[in-house]
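**Student:** I'd like to ask some things about the structure below.
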Amino acid sequence: MSVRFELLLEDLLAFYRYYYANSSTVRNQKYFVIAIATVIAFGLSLVFELGLGLATRLVLATVFSVAFGLFFHLQHGSALESQAKKMIAEGSVSGMLCTHEMTIEDNGLFEKTDVNESRHAWSAIDRVVETPDHAFIFISSIQAHVIPKHQITSGDYDAFMREVRKRVPSSTPVISQ
């Protein structure tokens, strides 16, 4: 059983968006930066008087911390996406952004493009996540085969994914993005 599809830059970025939104490491790093900025703001408010009373300085530190936290929280994902675009642009993507064919075999998942082939044993597949628009077949904690539902050119996506989910016990149901 196989599916054939075109992988576009937007589909690869959809994976990065999903990963950044769901990674506990990325989330912890974001909260760490916000916490450090808050500590610095309150520390500076205690050290520098600037002709203001302590209560005023603490209120200003609180306002800064909340504003910075909201800004950083909202901008973090787009900044990471921008970074991902730059990393993709650094080198050749001829084997990535192209036509892919994925085939289910007894011993694993086989992928073929015009310039490469790969095979992953079923035991090497970490998990499978489906969103309304994509399937992400994780082959490590940070890398996945991306299958864009809207770019299938041959094969039965639903039957293919049912078979993959049977073979990968850590599959998750379709989630909203």
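Identifiers in the structure tokens: chain A, B, ... in order shown; residue index from 1 per chain; ligand index from 1 in order shown.
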I'd like the contact shell of Leu46 of chain A - 12 Å cut-off, only C-alpha atoms, skipping same-chain residues fewer than 2 positions apart - returned as JSON, numbers by chain.
**Tutor:** {"A": [39, 40, 41, 42, 43, 44, 48, 49, 50, 52, 53, 54, 55, 56, 57, 58, 59, 60, 61]}
**Student:** Can you write out the residues you just picked, keeping N, CA and C atoms, as a PDB file, in the first residue's frame?
**Tutor:**
ATOM      1  N   VAL A  39      12.731  38.357  36.556  1.00  0.00           N
ATOM      2  CA  VAL A  39      13.707  38.501  37.646  1.00  0.00           C
ATOM      3  C   VAL A  39      14.580  39.735  37.413  1.00  0.00           C
ATOM      4  N   ILE A  40      15.021  39.920  36.188  1.00  0.00           N
ATOM      5  CA  ILE A  40      15.856  41.089  35.868  1.00  0.00           C
ATOM      6  C   ILE A  40      15.079  42.378  36.097  1.00  0.00           C
ATOM      7  N   ALA A  41      13.821  42.421  35.636  1.00  0.00           N
ATOM      8  CA  ALA A  41      13.009  43.631  35.797  1.00  0.00           C
ATOM      9  C   ALA A  41      12.825  43.978  37.273  1.00  0.00           C
ATOM     10  N   PHE A  42      12.511  42.983  38.086  1.00  0.00           N
ATOM     11  CA  PHE A  42      12.322  43.255  39.513  1.00  0.00           C
ATOM     12  C   PHE A  42      13.649  43.579  40.196  1.00  0.00           C
ATOM     13  N   GLY A  43      14.711  42.911  39.783  1.00  0.00           N
ATOM     14  CA  GLY A  43      16.027  43.217  40.335  1.00  0.00           C
ATOM     15  C   GLY A  43      16.444  44.642  40.041  1.00  0.00           C
ATOM     16  N   LEU A  44      16.247  45.079  38.805  1.00  0.00           N
ATOM     17  CA  LEU A  44      16.593  46.454  38.439  1.00  0.00           C
ATOM     18  C   LEU A  44      15.714  47.462  39.174  1.00  0.00           C
ATOM     19  N   PHE A  48      17.815  50.395  41.122  1.00  0.00           N
ATOM     20  CA  PHE A  48      17.805  51.772  40.622  1.00  0.00           C
ATOM     21  C   PHE A  48      16.548  52.500  41.068  1.00  0.00           C
ATOM     22  N   GLU A  49      16.730  53.599  41.779  1.00  0.00           N
ATOM     23  CA  GLU A  49      15.586  54.354  42.287  1.00  0.00           C
ATOM     24  C   GLU A  49      14.950  55.230  41.209  1.00  0.00           C
ATOM     25  N   LEU A  50      15.756  55.910  40.420  1.00  0.00           N
ATOM     26  CA  LEU A  50      15.276  56.780  39.340  1.00  0.00           C
ATOM     27  C   LEU A  50      14.287  57.836  39.829  1.00  0.00           C
ATOM     28  N   LEU A  52      11.868  57.448  41.798  1.00  0.00           N
ATOM     29  CA  LEU A  52      10.529  56.881  41.980  1.00  0.00           C
ATOM     30  C   LEU A  52      10.490  56.087  43.271  1.00  0.00           C
ATOM     31  N   GLY A  53       9.319  56.021  43.847  1.00  0.00           N
ATOM     32  CA  GLY A  53       9.156  55.220  45.068  1.00  0.00           C
ATOM     33  C   GLY A  53       9.208  53.738  44.752  1.00  0.00           C
ATOM     34  N   LEU A  54       9.447  52.940  45.782  1.00  0.00           N
ATOM     35  CA  LEU A  54       9.548  51.488  45.615  1.00  0.00           C
ATOM     36  C   LEU A  54       8.268  50.906  45.016  1.00  0.00           C
ATOM     37  N   ALA A  55       7.113  51.331  45.483  1.00  0.00           N
ATOM     38  CA  ALA A  55       5.840  50.799  44.975  1.00  0.00           C
ATOM     39  C   ALA A  55       5.699  51.086  43.485  1.00  0.00           C
ATOM     40  N   THR A  56       6.069  52.291  43.059  1.00  0.00           N
ATOM     41  CA  THR A  56       5.982  52.665  41.641  1.00  0.00           C
ATOM     42  C   THR A  56       6.927  51.803  40.812  1.00  0.00           C
ATOM     43  N   ARG A  57       8.150  51.617  41.314  1.00  0.00           N
ATOM     44  CA  ARG A  57       9.125  50.796  40.577  1.00  0.00           C
ATOM     45  C   ARG A  57       8.641  49.353  40.452  1.00  0.00           C
ATOM     46  N   LEU A  58       8.025  48.826  41.514  1.00  0.00           N
ATOM     47  CA  LEU A  58       7.519  47.449  41.463  1.00  0.00           C
ATOM     48  C   LEU A  58       6.335  47.323  40.506  1.00  0.00           C
ATOM     49  N   VAL A  59       5.492  48.341  40.463  1.00  0.00           N
ATOM     50  CA  VAL A  59       4.376  48.343  39.505  1.00  0.00           C
ATOM     51  C   VAL A  59       4.927  48.376  38.082  1.00  0.00           C
ATOM     52  N   LEU A  60       5.932  49.233  37.832  1.00  0.00           N
ATOM     53  CA  LEU A  60       6.540  49.305  36.499  1.00  0.00           C
ATOM     54  C   LEU A  60       7.203  47.976  36.126  1.00  0.00           C
ATOM     55  N   ALA A  61       7.866  47.335  37.073  1.00  0.00           N
ATOM     56  CA  ALA A  61       8.479  46.032  36.811  1.00  0.00           C
ATOM     57  C   ALA A  61       7.412  44.990  36.485  1.00  0.00           C
TER      58      ALA A  61
END
**Student:** Tell me, which residues of chain A carry DSSP strand (DSSP E), written as a ChimeraX atom specification?
**Tutor:** /A:2-6,99-105,108-112,117-121,127-130,134-138,144-148,152-154
**Student:** For Arg127 of chain A, which residue out of A:Ile147, A:Cys98, A:Val168, A:Val115 is the nearest one, using only C-alpha atoms?
**Tutor:**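 Answer, going by the shortest atom-to-atom distance: A:Val168.
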**Student:** Write out as a PyMOL selection string which residues come within 12 Å of segment 65-76 of chain A when counting only C-alpha atoms, dropping same-chain ones fewer than 2 positions away.
**Tutor:** chain A and resi 17+20-21+26-45+58-63+78-83
**Student:** Using only C-alpha atoms, determine which residues lie at most 8 Å from Ser2 of chain A, disregarding the query and same-chain residues fewer than 6 positions distant; provide the list as a compact mmCIF listing (two decimals) with N, CA and C atoms, in the first residue's frame.
**Tutor:**
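Resulting contents of part_18.txt:
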# COMPACT_ATOMS: atom_id res chain seq x y z
N GLU A 101 7.04 9.19 -2.35
CA GLU A 101 6.18 8.01 -2.35
C GLU A 101 6.51 7.21 -1.10
N MET A 102 5.48 6.96 -0.29
CA MET A 102 5.66 6.18 0.93
C MET A 102 4.92 4.87 0.76
N THR A 103 5.61 3.80 1.13
CA THR A 103 5.06 2.46 0.97
C THR A 103 5.12 1.72 2.30
N ILE A 104 4.03 1.07 2.64
CA ILE A 104 3.98 0.23 3.84
C ILE A 104 4.50 -1.14 3.44
N GLY A 155 -2.97 7.02 -4.46
CA GLY A 155 -3.11 6.21 -3.25
C GLY A 155 -4.26 6.69 -2.40
N ASP A 156 -4.63 5.85 -1.46
CA ASP A 156 -5.75 6.14 -0.55
C ASP A 156 -5.18 6.57 0.79
N PHE A 160 -4.16 4.17 3.97
CA PHE A 160 -2.73 4.16 4.30
C PHE A 160 -2.52 4.49 5.77
**Student:** Set the distance at 10 Å and use only C-alpha atoms: which residues neighbour Ala14 of chain A once local chain neighbours fewer than 4 positions away are removed? I'd like the list as a list in words.
**Tutor:**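 Near neighbours after the sequence-gap exclusion: Leu8, Leu9, Glu10, Tyr18, Tyr19, Tyr20, Glu81, Thr131, Asp133, His134, Phe136, Val146, Pro148 and Gln177 of chain A.
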**Student:** May I have the residues within 10 Å of Lys112 of chain A as a list of chain:residue names, using only C-alpha atoms and disregarding those fewer than 2 positions away in the same chain?
**Tutor:**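 My reading of the contact set: A:Arg4, A:Gly95, A:Thr99, A:His100, A:Glu101, A:Met102, A:Thr103, A:Phe110, A:Asp114, A:Val115, A:Asn116, A:Glu117, A:Ser118, A:Arg119.
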**Student:** For the residues in that selection, give me all heavy atoms as a compact mmCIF listing (two decimals), in the first residue's frame.
**Tutor:**
# COMPACT_ATOMS: atom_id res chain seq x y z
N ARG A 4 1.41 8.70 -2.74
CA ARG A 4 2.34 9.59 -3.43
C ARG A 4 1.84 11.01 -3.22
O ARG A 4 0.64 11.27 -3.31
CB ARG A 4 2.37 9.23 -4.91
CG ARG A 4 3.43 9.92 -5.71
CD ARG A 4 3.40 9.35 -7.15
NE ARG A 4 4.42 9.95 -7.95
CZ ARG A 4 5.66 9.50 -8.06
NH1 ARG A 4 6.01 8.41 -7.42
NH2 ARG A 4 6.53 10.13 -8.81
N GLY A 95 15.76 16.82 -2.10
CA GLY A 95 15.21 15.56 -1.63
C GLY A 95 14.10 15.72 -0.61
O GLY A 95 13.55 14.75 -0.13
N THR A 99 8.33 15.37 -4.91
CA THR A 99 7.38 14.26 -4.89
C THR A 99 7.94 13.14 -4.02
O THR A 99 9.10 12.76 -4.17
CB THR A 99 7.14 13.74 -6.32
OG1 THR A 99 6.62 14.80 -7.12
CG2 THR A 99 6.16 12.57 -6.32
N HIS A 100 7.11 12.65 -3.10
CA HIS A 100 7.48 11.54 -2.21
C HIS A 100 6.51 10.39 -2.46
O HIS A 100 5.32 10.61 -2.69
CB HIS A 100 7.35 11.95 -0.75
CG HIS A 100 8.31 13.00 -0.32
ND1 HIS A 100 9.31 12.76 0.59
CD2 HIS A 100 8.44 14.31 -0.67
CE1 HIS A 100 10.01 13.86 0.79
NE2 HIS A 100 9.49 14.82 0.04
N GLU A 101 7.04 9.19 -2.35
CA GLU A 101 6.18 8.01 -2.35
C GLU A 101 6.51 7.21 -1.10
O GLU A 101 7.66 6.86 -0.86
CB GLU A 101 6.39 7.15 -3.59
CG GLU A 101 5.43 5.97 -3.61
CD GLU A 101 5.42 5.24 -4.93
OE1 GLU A 101 6.14 5.62 -5.86
OE2 GLU A 101 4.67 4.25 -5.02
N MET A 102 5.48 6.96 -0.29
CA MET A 102 5.66 6.18 0.93
C MET A 102 4.92 4.87 0.76
O MET A 102 3.75 4.86 0.35
CB MET A 102 5.15 6.95 2.15
CG MET A 102 5.94 8.23 2.37
SD MET A 102 5.71 8.90 4.01
CE MET A 102 6.77 7.82 4.91
N THR A 103 5.61 3.80 1.13
CA THR A 103 5.06 2.46 0.97
C THR A 103 5.12 1.72 2.30
O THR A 103 6.16 1.73 2.96
CB THR A 103 5.85 1.67 -0.11
OG1 THR A 103 5.83 2.41 -1.33
CG2 THR A 103 5.25 0.29 -0.33
N PHE A 110 8.76 2.58 3.89
CA PHE A 110 9.75 2.88 2.85
C PHE A 110 9.34 4.19 2.18
O PHE A 110 8.18 4.38 1.83
CB PHE A 110 9.79 1.74 1.83
CG PHE A 110 10.71 1.99 0.68
CD1 PHE A 110 12.08 1.95 0.84
CD2 PHE A 110 10.20 2.26 -0.58
CE1 PHE A 110 12.95 2.17 -0.22
CE2 PHE A 110 11.05 2.48 -1.66
CZ PHE A 110 12.42 2.44 -1.47
N ASP A 114 12.96 11.35 -5.93
CA ASP A 114 13.83 11.25 -7.11
C ASP A 114 15.31 11.17 -6.74
O ASP A 114 16.12 10.72 -7.53
CB ASP A 114 13.61 12.44 -8.05
CG ASP A 114 12.29 12.34 -8.79
OD1 ASP A 114 11.72 11.22 -8.87
OD2 ASP A 114 11.81 13.38 -9.28
N VAL A 115 15.66 11.63 -5.52
CA VAL A 115 17.08 11.70 -5.17
C VAL A 115 17.47 10.85 -3.96
O VAL A 115 18.65 10.78 -3.62
CB VAL A 115 17.54 13.16 -4.95
CG1 VAL A 115 17.41 13.97 -6.23
CG2 VAL A 115 16.78 13.81 -3.82
N ASN A 116 16.51 10.24 -3.27
CA ASN A 116 16.89 9.42 -2.13
C ASN A 116 15.83 8.38 -1.81
O ASN A 116 14.70 8.45 -2.30
CB ASN A 116 17.22 10.26 -0.90
CG ASN A 116 16.04 11.07 -0.39
OD1 ASN A 116 14.91 10.60 -0.39
ND2 ASN A 116 16.29 12.28 0.05
N GLU A 117 16.24 7.43 -0.99
CA GLU A 117 15.34 6.40 -0.48
C GLU A 117 15.66 6.20 1.00
O GLU A 117 16.82 6.31 1.41
CB GLU A 117 15.55 5.07 -1.21
CG GLU A 117 15.21 5.13 -2.68
CD GLU A 117 15.44 3.80 -3.39
OE1 GLU A 117 15.95 2.83 -2.75
OE2 GLU A 117 15.10 3.71 -4.57
N SER A 118 14.63 5.90 1.79
CA SER A 118 14.86 5.60 3.20
C SER A 118 13.87 4.54 3.65
O SER A 118 12.78 4.41 3.10
CB SER A 118 14.74 6.85 4.07
OG SER A 118 13.40 7.32 4.08
N ARG A 119 14.30 3.79 4.64
CA ARG A 119 13.45 2.74 5.20
C ARG A 119 13.57 2.83 6.71
O ARG A 119 14.67 2.92 7.24
CB ARG A 119 13.89 1.38 4.70
CG ARG A 119 13.07 0.23 5.23
CD ARG A 119 13.44 -1.09 4.59
NE ARG A 119 12.80 -1.22 3.28
CZ ARG A 119 13.44 -1.17 2.11
NH1 ARG A 119 14.73 -1.01 2.06
NH2 ARG A 119 12.78 -1.30 0.98
**Student:** Using only C-alpha atoms, which of the listed residues (A:Leu13, A:Ile152, A:Leu97, A:Ile142) sits closest to Ile125 of chain A?
**Tutor:**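 For Ile125 of chain A, the nearest of the given residues is A:Ile142.
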**Student:** For each of A:Glu6, A:Asp158, A:Asn22, A:Asp11, take the minimum atom-to-atom distance to Ser141 of chain A, counting only C-alpha atoms, then give the residue where this is smallest.
**Tutor:**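 Of A:Glu6, A:Asp158, A:Asn22, A:Asp11, the one nearest Ser141 of chain A is A:Asn22, counting only C-alpha atoms.
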**Student:** What does the distance between atom CA of Ala121 of chain A and atom CA of Met96 of chain A come to in Å, to one decimal place?
**Tutor:**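 Separation of atom CA of Ala121 of chain A and atom CA of Met96 of chain A: 20.2 Å.
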**Student:** Please measure the separation of atom CA of Val164 of chain A and atom CA of Val128 of chain A, giving the value in Å to one decimal.
**Tutor:**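 Atom CA of Val128 of chain A lies at a distance of 8.1 Å from atom CA of Val164 of chain A.
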**Student:** Choose the residue, out of A:His150, A:Arg162, A:His120, A:His145, that has the smallest atom-to-atom separation from Glu105 of chain A; count only C-alpha atoms.
**Tutor:**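 Among the listed residues, A:His120 lies closest to Glu105 of chain A.
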**Student:** Distance atom CA of Gln143 of chain A-atom CA of Val3 of chain A, one decimal place?
**Tutor:**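 The value is 19.6 Å.
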**Student:** Taking only C-alpha atoms into account, which of A:Leu109, A:Lys166, A:Lys86, A:Tyr157 comes nearest Phe138 of chain A?
**Tutor:** A:Leu109
**Student:** Based on the backbone DSSP call, show me all residues of chain A assigned alpha helix (DSSP H), as a ChimeraX atom specification.
**Tutor:** /A:9-22,24-47,54-89,157-167
**Student:** Please determine, counting only C-alpha atoms, which residue among A:Lys149, A:Met1, A:Val129, A:Phe64 has the shortest atom-to-atom distance to Gly108 of chain A.
**Tutor:** A:Met1
